[in-house]
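Undergrad: Contents of my_file.pdb (PDB, C-alpha atoms) are below:
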```
ATOM      1  CA  MET A   1     -53.934  12.133 -73.171
ATOM      2  CA  LEU A   2     -51.021  10.225 -71.635
ATOM      3  CA  THR A   3     -52.211   9.005 -68.249
ATOM      4  CA  THR A   4     -51.386   6.532 -65.496
ATOM      5  CA  GLY A   5     -52.874   3.124 -64.977
ATOM      6  CA  ASN A   6     -54.629   4.421 -61.853
ATOM      7  CA  GLU A   7     -56.316   7.266 -63.676
ATOM      8  CA  ILE A   8     -57.489   5.135 -66.564
ATOM      9  CA  LEU A   9     -58.728   2.202 -64.463
ATOM     10  CA  ALA A  10     -60.502   4.250 -61.788
ATOM     11  CA  VAL A  11     -63.054   5.418 -64.359
ATOM     12  CA  ALA A  12     -63.512   1.869 -65.649
ATOM     13  CA  ASN A  13     -64.071   0.647 -62.093
ATOM     14  CA  ASP A  14     -66.629   3.367 -61.405
ATOM     15  CA  HIS A  15     -68.534   2.799 -64.644
ATOM     16  CA  GLY A  16     -68.322  -0.986 -64.988
ATOM     17  CA  PHE A  17     -66.274  -1.608 -68.112
ATOM     18  CA  ALA A  18     -62.860  -3.065 -68.919
ATOM     19  CA  VAL A  19     -59.987  -1.171 -70.517
ATOM     20  CA  PRO A  20     -58.195  -3.192 -73.218
ATOM     21  CA  ALA A  21     -54.450  -3.575 -72.716
ATOM     22  CA  PHE A  22     -52.989  -4.424 -76.100
ATOM     23  CA  ASN A  23     -49.508  -5.957 -76.187
ATOM     24  CA  ILE A  24     -47.519  -4.599 -79.112
ATOM     25  CA  SER A  25     -44.073  -5.457 -80.429
ATOM     26  CA  SER A  26     -43.681  -3.257 -83.523
ATOM     27  CA  TYR A  27     -44.533   0.186 -84.847
ATOM     28  CA  SER A  28     -47.002  -1.408 -87.227
ATOM     29  CA  MET A  29     -48.946  -3.044 -84.395
ATOM     30  CA  LEU A  30     -48.744   0.137 -82.335
ATOM     31  CA  HIS A  31     -50.253   2.264 -85.082
ATOM     32  CA  ALA A  32     -53.027  -0.276 -85.711
ATOM     33  CA  VAL A  33     -53.982  -0.337 -82.027
ATOM     34  CA  VAL A  34     -53.932   3.445 -81.682
ATOM     35  CA  ASP A  35     -55.974   3.916 -84.856
ATOM     36  CA  VAL A  36     -58.730   1.482 -83.870
ATOM     37  CA  CYS A  37     -58.961   2.916 -80.355
ATOM     38  CA  GLU A  38     -59.311   6.401 -81.828
ATOM     39  CA  GLN A  39     -62.039   5.139 -84.164
ATOM     40  CA  LYS A  40     -63.898   3.402 -81.327
ATOM     41  CA  ARG A  41     -63.254   6.222 -78.807
ATOM     42  CA  SER A  42     -61.915   3.631 -76.412
ATOM     43  CA  PRO A  43     -59.478   4.382 -73.588
ATOM     44  CA  HIS A  44     -56.650   1.896 -73.831
ATOM     45  CA  ILE A  45     -53.360   0.690 -72.469
ATOM     46  CA  ILE A  46     -50.281   0.028 -74.579
ATOM     47  CA  ALA A  47     -48.726  -2.975 -72.862
ATOM     48  CA  ILE A  48     -45.169  -4.107 -73.506
ATOM     49  CA  HIS A  49     -43.715  -7.257 -71.973
ATOM     50  CA  PRO A  50     -39.963  -7.357 -71.190
ATOM     51  CA  ASP A  51     -39.447  -9.836 -74.050
ATOM     52  CA  GLU A  52     -41.261  -7.469 -76.403
ATOM     53  CA  LEU A  53     -39.251  -4.552 -75.065
ATOM     54  CA  ALA A  54     -36.038  -6.443 -75.812
ATOM     55  CA  HIS A  55     -37.244  -6.662 -79.412
ATOM     56  CA  THR A  56     -38.538  -3.104 -79.873
ATOM     57  CA  ARG A  57     -35.811  -1.600 -77.620
ATOM     58  CA  ALA A  58     -36.497   1.092 -75.069
ATOM     59  CA  ASP A  59     -35.969   3.831 -77.656
ATOM     60  CA  MET A  60     -39.430   3.064 -78.989
ATOM     61  CA  LEU A  61     -40.963   4.403 -75.775
ATOM     62  CA  SER A  62     -40.332   7.985 -76.829
ATOM     63  CA  SER A  63     -42.516   7.439 -79.891
ATOM     64  CA  VAL A  64     -45.266   5.782 -77.839
ATOM     65  CA  ILE A  65     -45.204   8.697 -75.393
ATOM     66  CA  ARG A  66     -45.444  11.241 -78.199
ATOM     67  CA  ILE A  67     -48.353   9.386 -79.816
ATOM     68  CA  ALA A  68     -50.155   9.306 -76.460
ATOM     69  CA  HIS A  69     -49.622  13.045 -75.957
ATOM     70  CA  GLU A  70     -51.081  13.750 -79.403
ATOM     71  CA  SER A  71     -54.022  11.380 -79.016
ATOM     72  CA  SER A  72     -57.569  12.371 -78.095
ATOM     73  CA  ILE A  73     -58.000   9.042 -76.270
ATOM     74  CA  PRO A  74     -56.783   8.331 -72.701
ATOM     75  CA  THR A  75     -53.676   6.170 -73.000
ATOM     76  CA  ALA A  76     -51.455   4.508 -70.414
ATOM     77  CA  ILE A  77     -48.138   2.816 -71.201
ATOM     78  CA  HIS A  78     -47.757  -0.327 -69.144
ATOM     79  CA  LEU A  79     -44.862  -2.653 -68.354
ATOM     80  CA  ASP A  80     -46.429  -6.113 -68.517
ATOM     81  CA  HIS A  81     -45.101  -8.817 -66.175
ATOM     82  CA  GLY A  82     -42.117  -6.985 -64.751
ATOM     83  CA  GLY A  83     -39.930  -9.637 -63.206
ATOM     84  CA  SER A  84     -37.904  -7.716 -60.630
ATOM     85  CA  TYR A  85     -37.668  -4.480 -58.670
ATOM     86  CA  GLU A  86     -34.683  -3.420 -60.773
ATOM     87  CA  GLN A  87     -36.534  -4.085 -64.024
ATOM     88  CA  VAL A  88     -39.503  -2.038 -62.881
ATOM     89  CA  LEU A  89     -37.270   0.884 -61.871
ATOM     90  CA  TRP A  90     -35.657   0.794 -65.308
ATOM     91  CA  ALA A  91     -39.118   0.809 -66.938
ATOM     92  CA  ILE A  92     -40.130   3.858 -64.906
ATOM     93  CA  GLN A  93     -36.969   5.629 -66.031
ATOM     94  CA  CYS A  94     -37.809   4.725 -69.641
ATOM     95  CA  GLY A  95     -41.196   6.444 -69.423
ATOM     96  CA  PHE A  96     -43.793   3.799 -68.581
ATOM     97  CA  THR A  97     -46.763   5.303 -66.728
ATOM     98  CA  SER A  98     -47.952   2.020 -65.261
ATOM     99  CA  VAL A  99     -45.994  -1.034 -64.164
ATOM    100  CA  MET A 100     -46.687  -4.607 -63.198
ATOM    101  CA  ILE A 101     -44.594  -6.607 -60.778
ATOM    102  CA  ASP A 102     -45.302 -10.304 -61.137
ATOM    103  CA  LYS A 103     -44.069 -12.315 -58.187
ATOM    104  CA  SER A 104     -46.935 -14.790 -58.300
ATOM    105  CA  PHE A 105     -44.545 -17.768 -58.399
ATOM    106  CA  VAL A 106     -42.854 -17.116 -55.095
ATOM    107  CA  SER A 107     -44.375 -17.495 -51.660
ATOM    108  CA  PHE A 108     -47.136 -15.162 -50.514
ATOM    109  CA  GLU A 109     -44.717 -13.510 -48.093
ATOM    110  CA  GLU A 110     -42.052 -12.927 -50.773
ATOM    111  CA  ASN A 111     -44.686 -11.605 -53.166
ATOM    112  CA  VAL A 112     -45.790  -9.106 -50.519
ATOM    113  CA  VAL A 113     -42.245  -7.920 -49.800
ATOM    114  CA  GLU A 114     -41.283  -7.414 -53.457
ATOM    115  CA  THR A 115     -44.599  -5.850 -54.436
ATOM    116  CA  ARG A 116     -44.540  -3.445 -51.497
ATOM    117  CA  ARG A 117     -41.018  -2.400 -52.492
ATOM    118  CA  VAL A 118     -42.148  -1.659 -56.069
ATOM    119  CA  VAL A 119     -45.255   0.184 -54.863
ATOM    120  CA  LYS A 120     -43.167   2.460 -52.663
ATOM    121  CA  ALA A 121     -40.899   3.409 -55.581
ATOM    122  CA  ALA A 122     -43.681   3.846 -58.151
ATOM    123  CA  HIS A 123     -45.973   5.833 -55.874
ATOM    124  CA  ALA A 124     -43.087   8.177 -55.056
ATOM    125  CA  VAL A 125     -43.181   9.366 -58.680
ATOM    126  CA  GLY A 126     -46.965   9.239 -59.098
ATOM    127  CA  LEU A 127     -47.220   5.955 -61.004
ATOM    128  CA  SER A 128     -49.478   2.974 -60.423
ATOM    129  CA  VAL A 129     -48.690  -0.677 -59.816
ATOM    130  CA  GLU A 130     -50.420  -3.858 -60.882
ATOM    131  CA  ALA A 131     -49.574  -7.013 -58.950
ATOM    132  CA  GLU A 132     -50.593 -10.637 -59.381
ATOM    133  CA  LEU A 133     -51.844 -13.208 -56.897
ATOM    134  CA  GLY A 134     -52.540 -16.787 -57.871
ATOM    135  CA  THR A 135     -51.044 -18.323 -61.005
ATOM    136  CA  ILE A 136     -52.468 -18.246 -64.503
ATOM    137  CA  GLY A 137     -52.004 -21.319 -66.681
ATOM    138  CA  VAL A 138     -49.883 -21.501 -69.809
ATOM    139  CA  SER A 139     -51.216 -23.031 -73.015
ATOM    140  CA  ASP A 140     -48.234 -22.746 -75.344
ATOM    141  CA  GLN A 141     -44.550 -21.841 -75.408
ATOM    142  CA  TYR A 142     -45.324 -18.152 -75.801
ATOM    143  CA  GLY A 143     -47.056 -17.733 -72.456
ATOM    144  CA  GLU A 144     -45.426 -14.894 -70.517
ATOM    145  CA  THR A 145     -45.528 -16.691 -67.193
ATOM    146  CA  GLY A 146     -47.407 -19.590 -65.740
ATOM    147  CA  SER A 147     -47.513 -23.356 -65.442
ATOM    148  CA  GLU A 148     -49.828 -26.130 -66.507
ATOM    149  CA  GLU A 149     -51.627 -25.856 -63.179
ATOM    150  CA  ILE A 150     -53.849 -22.890 -62.388
ATOM    151  CA  LEU A 151     -53.683 -21.803 -58.742
ATOM    152  CA  TYR A 152     -56.875 -19.852 -58.170
ATOM    153  CA  THR A 153     -56.738 -16.590 -56.270
ATOM    154  CA  ASN A 154     -58.076 -16.898 -52.741
ATOM    155  CA  PRO A 155     -60.356 -13.963 -51.772
ATOM    156  CA  ASP A 156     -59.016 -13.833 -48.210
ATOM    157  CA  ASP A 157     -55.436 -13.777 -49.482
ATOM    158  CA  ALA A 158     -56.327 -11.067 -52.004
ATOM    159  CA  VAL A 159     -57.598  -8.770 -49.272
ATOM    160  CA  ARG A 160     -54.545  -9.381 -47.080
ATOM    161  CA  PHE A 161     -52.236  -8.881 -50.048
ATOM    162  CA  ILE A 162     -53.619  -5.490 -51.063
ATOM    163  CA  GLU A 163     -53.719  -4.283 -47.459
ATOM    164  CA  ALA A 164     -50.063  -5.284 -47.053
ATOM    165  CA  THR A 165     -48.728  -3.944 -50.359
ATOM    166  CA  GLY A 166     -50.876  -0.981 -51.399
ATOM    167  CA  ALA A 167     -50.941  -2.198 -55.026
ATOM    168  CA  ASP A 168     -53.402  -0.256 -57.182
ATOM    169  CA  SER A 169     -54.803  -3.147 -59.223
ATOM    170  CA  LEU A 170     -54.628  -6.916 -59.005
ATOM    171  CA  ALA A 171     -54.354  -9.587 -61.676
ATOM    172  CA  ILE A 172     -56.286 -12.591 -60.451
ATOM    173  CA  ALA A 173     -56.379 -16.236 -61.478
ATOM    174  CA  ILE A 174     -59.946 -17.377 -62.136
ATOM    175  CA  GLY A 175     -59.344 -19.994 -64.827
ATOM    176  CA  THR A 176     -57.569 -18.335 -67.745
ATOM    177  CA  ARG A 177     -54.353 -19.335 -69.487
ATOM    178  CA  HIS A 178     -51.707 -17.396 -71.377
ATOM    179  CA  GLY A 179     -51.402 -18.183 -75.064
ATOM    180  CA  LEU A 180     -53.747 -19.948 -77.482
ATOM    181  CA  TYR A 181     -55.462 -23.007 -76.071
ATOM    182  CA  PRO A 182     -54.867 -26.439 -77.607
ATOM    183  CA  SER A 183     -58.000 -28.239 -78.788
ATOM    184  CA  SER A 184     -57.828 -30.568 -75.779
ATOM    185  CA  VAL A 185     -58.264 -27.708 -73.297
ATOM    186  CA  LYS A 186     -61.744 -26.438 -72.540
ATOM    187  CA  PRO A 187     -61.490 -23.032 -70.873
ATOM    188  CA  ALA A 188     -63.884 -22.085 -68.112
ATOM    189  CA  LEU A 189     -63.898 -19.021 -65.896
ATOM    190  CA  ARG A 190     -64.757 -19.119 -62.200
ATOM    191  CA  LEU A 191     -67.103 -16.147 -62.256
ATOM    192  CA  ASP A 192     -68.306 -17.108 -58.785
ATOM    193  CA  LEU A 193     -64.745 -16.658 -57.517
ATOM    194  CA  LEU A 194     -64.518 -13.282 -59.258
ATOM    195  CA  GLU A 195     -67.699 -12.189 -57.511
ATOM    196  CA  GLY A 196     -66.275 -13.212 -54.148
ATOM    197  CA  ILE A 197     -63.054 -11.284 -54.717
ATOM    198  CA  LYS A 198     -64.715  -8.128 -56.055
ATOM    199  CA  SER A 199     -67.236  -7.990 -53.221
ATOM    200  CA  ARG A 200     -64.388  -7.822 -50.726
ATOM    201  CA  LEU A 201     -61.830  -5.955 -52.799
ATOM    202  CA  PRO A 202     -63.506  -3.216 -54.859
ATOM    203  CA  ILE A 203     -60.335  -2.114 -56.662
ATOM    204  CA  PRO A 204     -59.681  -2.575 -60.394
ATOM    205  CA  LEU A 205     -59.182  -6.267 -61.121
ATOM    206  CA  VAL A 206     -57.235  -7.548 -64.117
ATOM    207  CA  LEU A 207     -57.706 -10.573 -66.369
ATOM    208  CA  HIS A 208     -54.723 -12.093 -68.150
ATOM    209  CA  GLY A 209     -54.856 -14.985 -70.590
ATOM    210  CA  GLY A 210     -58.406 -14.708 -71.960
ATOM    211  CA  SER A 211     -57.732 -16.129 -75.422
ATOM    212  CA  ASN A 212     -60.230 -18.814 -76.450
ATOM    213  CA  ASN A 213     -62.610 -18.076 -73.589
ATOM    214  CA  SER A 214     -66.116 -17.574 -74.895
ATOM    215  CA  ASP A 215     -67.436 -14.065 -75.424
ATOM    216  CA  THR A 216     -70.183 -14.927 -72.947
ATOM    217  CA  GLU A 217     -67.619 -15.687 -70.245
ATOM    218  CA  ILE A 218     -65.569 -12.576 -70.959
ATOM    219  CA  ALA A 219     -68.673 -10.395 -70.913
ATOM    220  CA  GLY A 220     -69.610 -11.996 -67.596
ATOM    221  CA  ALA A 221     -66.160 -11.191 -66.227
ATOM    222  CA  VAL A 222     -66.567  -7.544 -67.221
ATOM    223  CA  ARG A 223     -69.965  -7.398 -65.539
ATOM    224  CA  GLY A 224     -68.430  -9.118 -62.514
ATOM    225  CA  GLY A 225     -65.805  -6.437 -61.949
ATOM    226  CA  ILE A 226     -62.841  -7.008 -64.286
ATOM    227  CA  ASN A 227     -61.574  -3.564 -65.355
ATOM    228  CA  LYS A 228     -58.504  -4.391 -67.451
ATOM    229  CA  ILE A 229     -58.091  -7.261 -69.891
ATOM    230  CA  ASN A 230     -54.769  -8.057 -71.544
ATOM    231  CA  ILE A 231     -54.912  -8.912 -75.245
ATOM    232  CA  SER A 232     -51.769 -10.302 -76.826
ATOM    233  CA  SER A 233     -52.127 -13.704 -78.511
ATOM    234  CA  ASP A 234     -55.375 -12.894 -80.301
ATOM    235  CA  ILE A 235     -54.228  -9.702 -82.022
ATOM    236  CA  LYS A 236     -50.822 -11.166 -82.888
ATOM    237  CA  SER A 237     -52.434 -14.269 -84.324
ATOM    238  CA  ALA A 238     -54.734 -12.121 -86.489
ATOM    239  CA  TYR A 239     -51.814  -9.963 -87.614
ATOM    240  CA  PHE A 240     -49.414 -12.735 -88.541
ATOM    241  CA  THR A 241     -52.021 -15.061 -90.028
ATOM    242  CA  ARG A 242     -52.814 -12.282 -92.492
ATOM    243  CA  MET A 243     -49.097 -11.681 -93.057
ATOM    244  CA  ARG A 244     -48.572 -15.315 -94.006
ATOM    245  CA  GLU A 245     -51.338 -14.966 -96.575
ATOM    246  CA  VAL A 246     -49.904 -11.727 -97.965
ATOM    247  CA  LEU A 247     -46.426 -13.214 -98.262
ATOM    248  CA  GLN A 248     -47.687 -15.965-100.519
ATOM    249  CA  ASP A 249     -46.821 -13.404-103.183
ATOM    250  CA  VAL A 250     -43.060 -13.832-103.125
ATOM    251  CA  HIS A 251     -42.532 -10.635-105.105
ATOM    252  CA  LEU A 252     -43.672  -8.400-102.226
ATOM    253  CA  ARG A 253     -40.916  -6.810-100.204
ATOM    254  CA  GLU A 254     -41.962  -3.319 -99.129
ATOM    255  CA  PRO A 255     -43.344  -3.005 -95.576
ATOM    256  CA  ASN A 256     -45.815  -0.323 -96.679
ATOM    257  CA  VAL A 257     -47.396  -2.960 -98.939
ATOM    258  CA  ILE A 258     -47.074  -6.006 -96.681
ATOM    259  CA  GLU A 259     -48.057  -4.519 -93.319
ATOM    260  CA  PRO A 260     -51.293  -2.544 -93.995
ATOM    261  CA  PRO A 261     -53.428  -5.676 -94.627
ATOM    262  CA  CYS A 262     -52.019  -7.155 -91.424
ATOM    263  CA  GLU A 263     -52.891  -3.984 -89.531
ATOM    264  CA  GLU A 264     -56.450  -4.171 -90.823
ATOM    265  CA  ALA A 265     -56.757  -7.756 -89.563
ATOM    266  CA  LEU A 266     -55.466  -6.663 -86.166
ATOM    267  CA  LYS A 267     -57.972  -3.799 -86.094
ATOM    268  CA  VAL A 268     -60.898  -6.140 -86.749
ATOM    269  CA  CYS A 269     -59.826  -8.333 -83.823
ATOM    270  CA  ALA A 270     -59.153  -5.362 -81.536
ATOM    271  CA  ALA A 271     -62.478  -3.686 -82.381
ATOM    272  CA  GLN A 272     -64.358  -6.832 -81.415
ATOM    273  CA  LYS A 273     -62.545  -6.892 -78.053
ATOM    274  CA  ILE A 274     -63.298  -3.219 -77.448
ATOM    275  CA  ASP A 275     -67.008  -3.822 -78.014
ATOM    276  CA  LEU A 276     -66.947  -6.941 -75.841
ATOM    277  CA  PHE A 277     -65.258  -5.070 -72.987
ATOM    278  CA  GLU A 278     -67.853  -2.266 -73.282
ATOM    279  CA  SER A 279     -65.087   0.324 -73.603
ATOM    280  CA  ALA A 280     -66.245   1.791 -76.939
ATOM    281  CA  GLY A 281     -67.166   5.458 -76.515
ATOM    282  CA  LYS A 282     -65.940   5.542 -72.923
ATOM    283  CA  ALA A 283     -63.177   8.060 -73.726
ATOM    284  CA  ASP A 284     -65.817  10.730 -73.244
ATOM    285  CA  LEU A 285     -65.982   9.889 -69.519
ATOM    286  CA  TYR A 286     -62.448  11.226 -68.932
TER
END
```
Have the structure of the file written as structure tokens, please.

TA:
Amino acid sequence: MLTTGNEILAVANDHGFAVPAFNISSYSMLHAVVDVCEQKRSPHIIAIHPDELAHTRADMLSSVIRIAHESSIPTAIHLDHGGSYEQVLWAIQCGFTSVMIDKSFVSFEENVVETRRVVKAAHAVGLSVEAELGTIGVSDQYGETGSEEILYTNPDDAVRFIEATGADSLAIAIGTRHGLYPSSVKPALRLDLLEGIKSRLPIPLVLHGGSNNSDTEIAGAVRGGINKINISSDIKSAYFTRMREVLQDVHLREPNVIEPPCEEALKVCAAQKIDLFESAGKADLY
């Protein structure tokens, strides 16, 4: 059931749900994500950021590909926040079936040029491209990209951007931030802006940085046309919070004792996201 980002998101766009894109950085996290998606019959995307890939190493991709081939659930393998044309080409060679080029911090014109270049290369081998327009905020030091200031995506610019680049999906900035929010930050999504973008650009839209947004807001974003939501901080926080508790027993040392409780905590978090995104049971649509 290994598929491309295009193939997995087209169904979500047609049927009004969001595919979860879970960022993983270990075999333990990978197996937990795959298991819960199988249990929930949810199509899903295994997302790996370049920093995560530096940790897991590209050799891990062969295992992810094999798991996807053996799965009964549609699965795409996605490079999250690719930083350059060369990095994206390398990811394609490694076996990713979906790639993101994030040039949201350069000028609109530069973003168009670099994204169009990536699209040309990816489409030549049948793969899909996610781009980003507008800038998503950063809440902590682990945010992939971003700044303190959120630059909201302009609907007119979004239309021009997709027409000029041919990107298959678009990550938009409507008020989210990467990372876990500090207590002083009160998240709020511009669902009115989402509506304006989707009405003019009926392609799959992507939401990054949704940690700490209310379930009501996230559900509203799904209803408003978001078809892919990246989940990284929340599942990692659940996983490692449980690990810290487990490791209170200083006598434990075997991964097959330490990691399973952490995987269960991750699964609980991931299952709640799957239900919230209305992707549970949607594997049967493919």

Undergrad: May I ask for the distance between atom CA of Ala32 of chain A and atom CA of Glu254 of chain A, given in Å to one decimal place?

TA: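 About the pair atom CA of Ala32 of chain A and atom CA of Glu254 of chain A: they are 17.7 Å apart.
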
Undergrad: Which residues match the PyMOL selection byres ((chain A and resi 87) around 12) in the file above, as number ranges by chain?

TA: A: 49-51, 53, 79-86, 88-94, 96, 99-102, 118

Undergrad: Quick one: residues within 10 Å of Pro74 of chain A, only C-alpha atoms counted, chain neighbours fewer than 4 positions away excluded, as a list in words?

TA: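 So, after excluding close chain neighbours, the residues are Met1, Leu2, Thr3, Thr4, Glu7, Ile8, Cys37, Glu38, Arg41, Ser42, Pro43, His44, Ile45, Ala68, His69, Lys282, Ala283, Asp284, Leu285 and Tyr286 of chain A.
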
Undergrad: Which is closest to Val112 of chain A among A:Ser98, A:Ser63, A:Thr165, A:Asn212, if we use all atoms listed in the file?

TA: A:Thr165

Undergrad: I'd like the interatomic distance between atom CA of Ser237 of chain A and atom CA of Val268 of chain A, to a tenth of an Å.

TA: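 Going from atom CA of Ser237 of chain A over to atom CA of Val268 of chain A, I get 12.0 Å.
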
Undergrad: Got a sec to resolve the PyMOL selection byres ((chain A and resi 14) around 10) on this structure and send the residues as a list in words?

TA: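 When the PyMOL selection byres ((chain A and resi 14) around 10) is applied, the selected residues are Leu9, Ala10, Val11, Ala12, Asn13, His15, Gly16, Phe17, Pro202, Ile203, Pro204, Gly225 and Asn227 of chain A.
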
Undergrad: Provide the atom CA of Ala188 of chain A to atom CA of Phe161 of chain A distance in Å, to one decimal place.

TA: 25.2 Å

Undergrad: Measuring atom to atom with only C-alpha atoms, identify which of A:Ala271, A:Leu205, A:Ile226, A:Ile48 is nearest to Leu61 of chain A.

TA: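 Ranked by minimum distance to Leu61 of chain A, first place goes to A:Ile48.
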
Undergrad: Using all atoms listed in the file, which of A:Ser28, A:Ile136, A:Arg116, A:His208 sits nearest Asp168 of chain A?

TA: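 The shortest atom-to-atom distance to Asp168 of chain A comes from A:Arg116.
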
Undergrad: Applying 9 Å and all atoms listed in the file, which residues near Asp215 of chain A remain after dropping the ones on its own chain fewer than 4 positions away? List them as a PDB file with C-alpha atoms, keeping the file's coordinate frame.

TA:
```
ATOM      1  CA  ALA A 219     -68.673 -10.395 -70.913  1.00  0.00           C
ATOM      2  CA  GLY A 220     -69.610 -11.996 -67.596  1.00  0.00           C
ATOM      3  CA  LEU A 276     -66.947  -6.941 -75.841  1.00  0.00           C
TER       4      LEU A 276
END
```

Undergrad: Hey, which of A:Val159, A:Val34, A:Glu217, A:His251 ends up closest to Thr176 of chain A? Count only C-alpha atoms.

TA: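 Under the stated criterion, the closest residue is A:Glu217.
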
Undergrad: With distances taken over all atoms listed in the file, which of A:Arg160, A:Arg242, A:Tyr152, A:Gly210 is nearest to Leu194 of chain A?

TA: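 Comparing A:Arg160, A:Arg242, A:Tyr152, A:Gly210 against Leu194 of chain A, the winner is A:Tyr152.
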
Undergrad: Which one of A:Lys40, A:Lys236, A:Arg57, A:Arg117 sits closest to Ala280 of chain A if you count only C-alpha atoms?

TA: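 Comparing A:Lys40, A:Lys236, A:Arg57, A:Arg117 against Ala280 of chain A, the winner is A:Lys40.
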
Undergrad: Give me, as a list in words, all polymer residues having an atom no more than 8 Å from Val206 of chain A, counting only C-alpha atoms and skipping those fewer than 5 positions away in the same chain.

TA: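 Non-adjacent residues within range: Ser169, Leu170, Ala171, Ile172, Ile226, Asn227, Lys228, Ile229 and Asn230 of chain A.
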
Undergrad: If we count only C-alpha atoms, what is near Ala47 of chain A at a cut-off of 9 Å, once residues fewer than 6 positions away on the same chain are taken out, given as a ChimeraX atom specification?

TA: /A:21-24,76-80,230-232

Undergrad: So that I can see what lies close to Met243 of chain A, please list as a PyMOL selection string the residues with an atom at most 8 Å from it, counting only C-alpha atoms and leaving out residues fewer than 6 positions away in the same chain.

TA: chain A and resi 258-259+261-262

Undergrad: Just write segment 174-224 of chain A with C-alpha atoms, as a PDB file, in the first residue's frame, taken from the block above.

TA:
```pdb
ATOM      1  CA  ILE A 174      -3.435  30.499   9.311  1.00  0.00           C
ATOM      2  CA  GLY A 175      -2.230  30.985  12.884  1.00  0.00           C
ATOM      3  CA  THR A 176      -0.376  27.853  13.965  1.00  0.00           C
ATOM      4  CA  ARG A 177       3.107  27.503  15.425  1.00  0.00           C
ATOM      5  CA  HIS A 178       5.677  24.723  15.384  1.00  0.00           C
ATOM      6  CA  GLY A 179       6.467  23.156  18.735  1.00  0.00           C
ATOM      7  CA  LEU A 180       4.630  23.229  22.063  1.00  0.00           C
ATOM      8  CA  TYR A 181       3.168  26.589  22.989  1.00  0.00           C
ATOM      9  CA  PRO A 182       4.345  28.415  26.115  1.00  0.00           C
ATOM     10  CA  SER A 183       1.603  29.278  28.603  1.00  0.00           C
ATOM     11  CA  SER A 184       1.743  32.931  27.529  1.00  0.00           C
ATOM     12  CA  VAL A 185       0.694  32.120  23.955  1.00  0.00           C
ATOM     13  CA  LYS A 186      -2.977  31.679  23.167  1.00  0.00           C
ATOM     14  CA  PRO A 187      -3.327  29.920  19.816  1.00  0.00           C
ATOM     15  CA  ALA A 188      -6.100  30.886  17.443  1.00  0.00           C
ATOM     16  CA  LEU A 189      -6.730  29.739  13.896  1.00  0.00           C
ATOM     17  CA  ARG A 190      -7.957  32.043  11.140  1.00  0.00           C
ATOM     18  CA  LEU A 191     -10.636  29.708   9.831  1.00  0.00           C
ATOM     19  CA  ASP A 192     -12.072  32.585   7.811  1.00  0.00           C
ATOM     20  CA  LEU A 193      -8.749  32.843   5.971  1.00  0.00           C
ATOM     21  CA  LEU A 194      -8.760  29.086   5.361  1.00  0.00           C
ATOM     22  CA  GLU A 195     -12.219  29.363   3.838  1.00  0.00           C
ATOM     23  CA  GLY A 196     -11.045  32.129   1.523  1.00  0.00           C
ATOM     24  CA  ILE A 197      -8.046  30.120   0.343  1.00  0.00           C
ATOM     25  CA  LYS A 198      -9.935  26.851  -0.160  1.00  0.00           C
ATOM     26  CA  SER A 199     -12.740  28.516  -2.100  1.00  0.00           C
ATOM     27  CA  ARG A 200     -10.216  29.754  -4.642  1.00  0.00           C
ATOM     28  CA  LEU A 201      -7.705  26.928  -4.481  1.00  0.00           C
ATOM     29  CA  PRO A 202      -9.480  23.566  -4.163  1.00  0.00           C
ATOM     30  CA  ILE A 203      -6.297  21.491  -3.870  1.00  0.00           C
ATOM     31  CA  PRO A 204      -5.198  19.623  -0.728  1.00  0.00           C
ATOM     32  CA  LEU A 205      -4.170  22.141   1.919  1.00  0.00           C
ATOM     33  CA  VAL A 206      -1.772  21.320   4.745  1.00  0.00           C
ATOM     34  CA  LEU A 207      -1.621  22.434   8.376  1.00  0.00           C
ATOM     35  CA  HIS A 208       1.699  22.487  10.205  1.00  0.00           C
ATOM     36  CA  GLY A 209       2.187  23.369  13.855  1.00  0.00           C
ATOM     37  CA  GLY A 210      -1.204  22.466  15.352  1.00  0.00           C
ATOM     38  CA  SER A 211       0.005  21.529  18.833  1.00  0.00           C
ATOM     39  CA  ASN A 212      -2.017  23.172  21.612  1.00  0.00           C
ATOM     40  CA  ASN A 213      -4.760  24.366  19.279  1.00  0.00           C
ATOM     41  CA  SER A 214      -8.143  23.318  20.587  1.00  0.00           C
ATOM     42  CA  ASP A 215      -9.825  20.232  19.179  1.00  0.00           C
ATOM     43  CA  THR A 216     -12.691  22.498  18.141  1.00  0.00           C
ATOM     44  CA  GLU A 217     -10.354  24.616  16.019  1.00  0.00           C
ATOM     45  CA  ILE A 218      -8.642  21.614  14.454  1.00  0.00           C
ATOM     46  CA  ALA A 219     -11.981  20.004  13.643  1.00  0.00           C
ATOM     47  CA  GLY A 220     -13.058  23.295  12.076  1.00  0.00           C
ATOM     48  CA  ALA A 221      -9.900  23.332   9.967  1.00  0.00           C
ATOM     49  CA  VAL A 222     -10.649  19.824   8.704  1.00  0.00           C
ATOM     50  CA  ARG A 223     -14.198  20.832   7.818  1.00  0.00           C
ATOM     51  CA  GLY A 224     -12.791  23.953   6.160  1.00  0.00           C
TER      52      GLY A 224
END
```
